[in-house]
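Have a look at run_5.tsv; it's TSV, C-alpha atoms:
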chain	number	residue	atom	x	y	z
A	1	MET	CA	-36.49	116.85	63.28
A	2	PHE	CA	-35.46	116.48	66.91
A	3	VAL	CA	-36.67	113.25	68.52
A	4	GLU	CA	-36.72	113.06	72.30
A	5	SER	CA	-38.69	109.85	72.72
A	6	ASP	CA	-40.17	106.80	71.06
A	7	GLU	CA	-43.44	108.76	70.94
A	8	ASP	CA	-41.78	111.41	68.79
A	9	LEU	CA	-40.54	108.71	66.43
A	10	GLU	CA	-44.03	107.17	66.32
A	11	LYS	CA	-45.40	110.58	65.36
A	12	VAL	CA	-42.96	110.77	62.43
A	13	LEU	CA	-43.90	107.25	61.32
A	14	LYS	CA	-47.64	108.08	61.50
A	15	GLU	CA	-47.09	111.22	59.43
A	16	ASN	CA	-45.22	109.09	56.90
A	17	GLU	CA	-48.09	106.59	56.79
A	18	LYS	CA	-50.55	109.39	56.00
A	19	LEU	CA	-48.27	110.67	53.24
A	20	LEU	CA	-48.00	107.15	51.80
A	21	GLU	CA	-51.78	106.74	51.80
A	22	ASP	CA	-52.20	110.10	50.06
A	23	PHE	CA	-49.48	109.15	47.57
A	24	ALA	CA	-51.25	105.86	46.76
A	25	ALA	CA	-54.51	107.77	46.17
A	26	TYR	CA	-52.63	110.23	43.93
A	27	LEU	CA	-51.24	107.34	41.85
A	28	GLN	CA	-54.66	105.72	41.67
A	29	ALA	CA	-56.12	108.99	40.38
A	30	LYS	CA	-53.47	108.86	37.63
A	31	ASN	CA	-54.97	105.48	36.62
A	32	LEU	CA	-51.87	103.45	37.37
A	33	LYS	CA	-52.27	99.71	37.74
A	34	LYS	CA	-52.63	98.27	41.22
A	35	ARG	CA	-49.30	96.41	40.96
A	36	THR	CA	-47.48	99.60	39.90
A	37	ILE	CA	-49.01	101.52	42.81
A	38	GLU	CA	-47.97	98.76	45.21
A	39	LYS	CA	-44.39	98.83	43.89
A	40	HIS	CA	-44.16	102.63	44.25
A	41	TYR	CA	-45.69	102.41	47.74
A	42	PHE	CA	-43.19	99.74	48.80
A	43	ASN	CA	-40.20	101.65	47.44
A	44	VAL	CA	-41.18	104.91	49.13
A	45	ASP	CA	-42.07	103.10	52.37
A	46	LEU	CA	-38.57	101.57	52.45
A	47	PHE	CA	-37.02	105.04	52.12
A	48	LEU	CA	-39.36	106.86	54.52
A	49	ASN	CA	-39.79	104.31	57.28
A	50	TYR	CA	-36.71	102.10	57.20
A	51	PHE	CA	-33.94	104.41	56.05
A	52	LEU	CA	-34.70	108.01	57.05
A	53	PRO	CA	-35.66	107.53	60.72
A	54	TYR	CA	-32.67	105.34	61.51
A	55	ASN	CA	-29.96	106.11	58.97
A	56	GLY	CA	-30.76	109.56	57.67
A	57	CYS	CA	-29.66	110.93	61.02
A	58	PHE	CA	-28.09	114.26	61.63
A	59	SER	CA	-27.24	113.42	65.25
A	60	GLU	CA	-28.14	110.83	67.86
A	61	ASN	CA	-31.49	112.42	68.70
A	62	GLU	CA	-32.32	113.84	65.31
A	63	VAL	CA	-33.86	112.04	62.36
A	64	ALA	CA	-34.36	113.21	58.81
A	65	ASN	CA	-38.01	113.66	57.99
A	66	VAL	CA	-39.52	113.35	54.53
A	67	TYR	CA	-38.68	116.93	53.59
A	68	GLU	CA	-35.08	116.66	54.75
A	69	GLY	CA	-34.78	113.35	52.92
A	70	VAL	CA	-33.79	115.08	49.70
A	71	SER	CA	-30.36	115.68	51.22
A	72	GLU	CA	-30.01	111.96	51.96
A	73	PHE	CA	-30.42	110.55	48.42
A	74	ASP	CA	-26.74	109.91	47.82
A	75	THR	CA	-26.37	108.01	51.09
A	76	TYR	CA	-29.55	106.05	50.40
A	77	PHE	CA	-29.12	105.10	46.73
A	78	GLY	CA	-25.33	105.03	46.63
A	79	ASN	CA	-24.80	103.04	49.81
A	80	TRP	CA	-27.64	101.95	52.11
A	81	TYR	CA	-29.99	100.57	49.44
A	82	ILE	CA	-27.22	98.54	47.84
A	83	ARG	CA	-25.95	97.08	51.13
A	84	LYS	CA	-29.09	96.71	53.23
A	85	TYR	CA	-31.94	95.90	50.84
A	86	LEU	CA	-31.56	92.17	50.18
A	87	GLN	CA	-33.36	92.31	46.83
A	88	SER	CA	-31.31	95.19	45.50
A	89	SER	CA	-30.49	94.96	41.81
A	90	VAL	CA	-29.91	97.42	39.01
A	91	ASN	CA	-33.54	97.09	37.91
A	92	ASN	CA	-34.91	97.47	41.46
A	93	LEU	CA	-32.63	100.45	42.04
A	94	LYS	CA	-33.94	102.17	38.89
A	95	GLU	CA	-37.53	101.45	39.94
A	96	SER	CA	-36.88	102.81	43.42
A	97	ILE	CA	-35.36	106.01	42.03
A	98	THR	CA	-38.45	106.45	39.83
A	99	SER	CA	-40.79	105.79	42.76
A	100	ILE	CA	-39.12	108.29	45.03
A	101	LYS	CA	-39.00	110.91	42.29
A	102	LYS	CA	-42.75	110.39	41.73
A	103	PHE	CA	-43.35	110.69	45.48
A	104	TYR	CA	-41.54	114.01	45.69
A	105	GLN	CA	-43.34	115.19	42.56
A	106	PHE	CA	-46.58	114.39	44.39
A	107	LEU	CA	-45.40	116.44	47.38
A	108	TYR	CA	-44.52	119.32	45.04
A	109	GLU	CA	-47.88	119.18	43.25
A	110	GLU	CA	-49.66	119.13	46.62
A	111	GLY	CA	-47.77	122.25	47.70
A	112	LYS	CA	-45.85	120.38	50.40
A	113	LEU	CA	-42.45	120.79	48.73
A	114	SER	CA	-41.05	124.00	47.30
A	115	LYS	CA	-40.17	124.33	43.65
A	116	LEU	CA	-36.54	124.94	44.62
A	117	ASP	CA	-36.37	121.72	46.67
A	118	PHE	CA	-38.00	119.78	43.85
A	119	GLU	CA	-35.49	121.18	41.35
A	120	ILE	CA	-32.63	120.26	43.69
A	121	LEU	CA	-34.03	116.73	43.96
A	122	LYS	CA	-34.33	116.32	40.19
A	123	ASN	CA	-30.81	117.64	39.70
A	124	GLU	CA	-29.41	115.29	42.35
A	125	ILE	CA	-31.03	112.32	40.63
A	126	LYS	CA	-29.92	113.47	37.19
A	127	THR	CA	-26.31	113.98	38.20
A	128	SER	CA	-25.95	110.93	40.49
A	129	LYS	CA	-28.18	108.22	39.02
A	130	ASP	CA	-25.53	106.78	36.68
A	131	GLU	CA	-23.02	106.62	39.54
A	132	TRP	CA	-25.51	104.78	41.79
A	133	ILE	CA	-26.26	102.31	39.01
A	134	GLU	CA	-22.55	101.75	38.37
A	135	ILE	CA	-21.97	101.02	42.07
A	136	MET	CA	-24.89	98.57	42.00
A	137	LYS	CA	-23.51	96.84	38.90
A	138	ARG	CA	-20.10	96.47	40.51
A	139	TYR	CA	-21.71	95.16	43.69
A	140	GLU	CA	-23.73	92.59	41.69
A	141	ASP	CA	-20.69	91.58	39.64
A	142	GLY	CA	-18.67	90.88	42.76
A	143	ASP	CA	-15.25	90.94	41.09
A	144	ASP	CA	-14.04	93.92	43.11
A	145	LEU	CA	-16.15	93.58	46.27
A	146	GLU	CA	-13.26	94.51	48.55
A	147	GLU	CA	-12.81	97.81	46.72
A	148	ILE	CA	-16.57	98.45	46.76
A	149	TYR	CA	-16.81	97.66	50.49
A	150	ASP	CA	-13.98	100.09	51.17
A	151	ALA	CA	-15.88	102.77	49.23
A	152	LEU	CA	-19.22	102.03	50.93
A	153	PHE	CA	-17.91	101.86	54.47
As structure tokens, how would this structure be written, given the file I've shared?
Amino acid sequence: MFVESDEDLEKVLKENEKLLEDFAAYLQAKNLKKRTIEKHYFNVDLFLNYFLPYNGCFSENEVANVYEGVSEFDTYFGNWYIRKYLQSSVNNLKESITSIKKFYQFLYEEGKLSKLDFEILKNEIKTSKDEWIEIMKRYEDGDDLEEIYDALF
């Protein structure tokens, strides 16, 4: 999405907020516990509002919106999340992957995401999840941080 001004960015963030509210209602309708809903909400919010608008960029004036975010998973889970989210851990990474997959499943079920895009998303997670977790484990371990930093930067 092309962003010419702060107002355009605010519009994207407001659209994201509406999607998050709808997602929370969707999870509530599935009878999930309040704490589980809050965790999924937080994880998706981090991706939508803190990563995509500022780091999921295609160019200086272009930000990735929620639908383009599928193409940003490897950058998010394999790099940004590990480096930027201070509470990142293997367990939190797994929970975040689950949350974002549930969010995109919600979009698919609501008719806001095509079946093809949802299948691409599931395949990306399936083929890359172990790699993301391995990077996180190495980052937590700290024995080869220099090598990991070289790979992440």
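With atom CA of Lys137 of chain A on one side and atom CA of Leu121 of chain A on the other, the separation reads 23.1 Å.
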Within 12 Å of (-35.3, 117.4, 42.3) (coordinates as in the file), grab all the protein and nucleic acid residues, counting only C-alpha atoms, and write them out as a ChimeraX atom specification.
-> /A:67,69-71,73,97-98,100-108,113-128
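The interatomic distance for the pair atom CA of Lys129 of chain A and atom CA of Tyr50 of chain A works out to 21.0 Å.
Shortest atom-to-atom contact with Trp132 of chain A among A:Lys94, A:Lys84, A:Lys34, A:His40: A:Lys94, counting all atoms listed in the file.
In this comparison, which uses all atoms listed in the file, the residue of A:Arg83, A:Asp45, A:Arg35, A:Ser96 approaching Glu140 of chain A most closely is A:Arg83.
Considering all atoms listed in the file, the residue among A:Phe47, A:Tyr139, A:Tyr41, A:Tyr76 positioned nearest to Tyr26 of chain A is A:Tyr41.
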Distance of atom CA of Leu52 of chain A from atom CA of Glu38 of chain A, expressed in Å to one decimal place = 20.0 Å
Could you name the residues that touch Leu93 of chain A at 10 Å or less, counting all atoms listed in the file, but leaving out those on the same chain fewer than 4 positions away, as JSON, numbers by chain?
-> {"A": [43, 77, 78, 81, 82, 85, 87, 88, 89, 97, 98, 99, 129, 132, 133, 136]}
Kindly provide, as lines of an AutoDock Vina configuration file, the centre and edge lengths (Å, one decimal) of an axis-aligned box around all atoms of segment 9-14 of chain A given in the file, with 6 Å on each side.
center_x = -44.1
center_y = 109.0
center_z = 63.9
size_x = 19.1
size_y = 15.6
size_z = 17.1
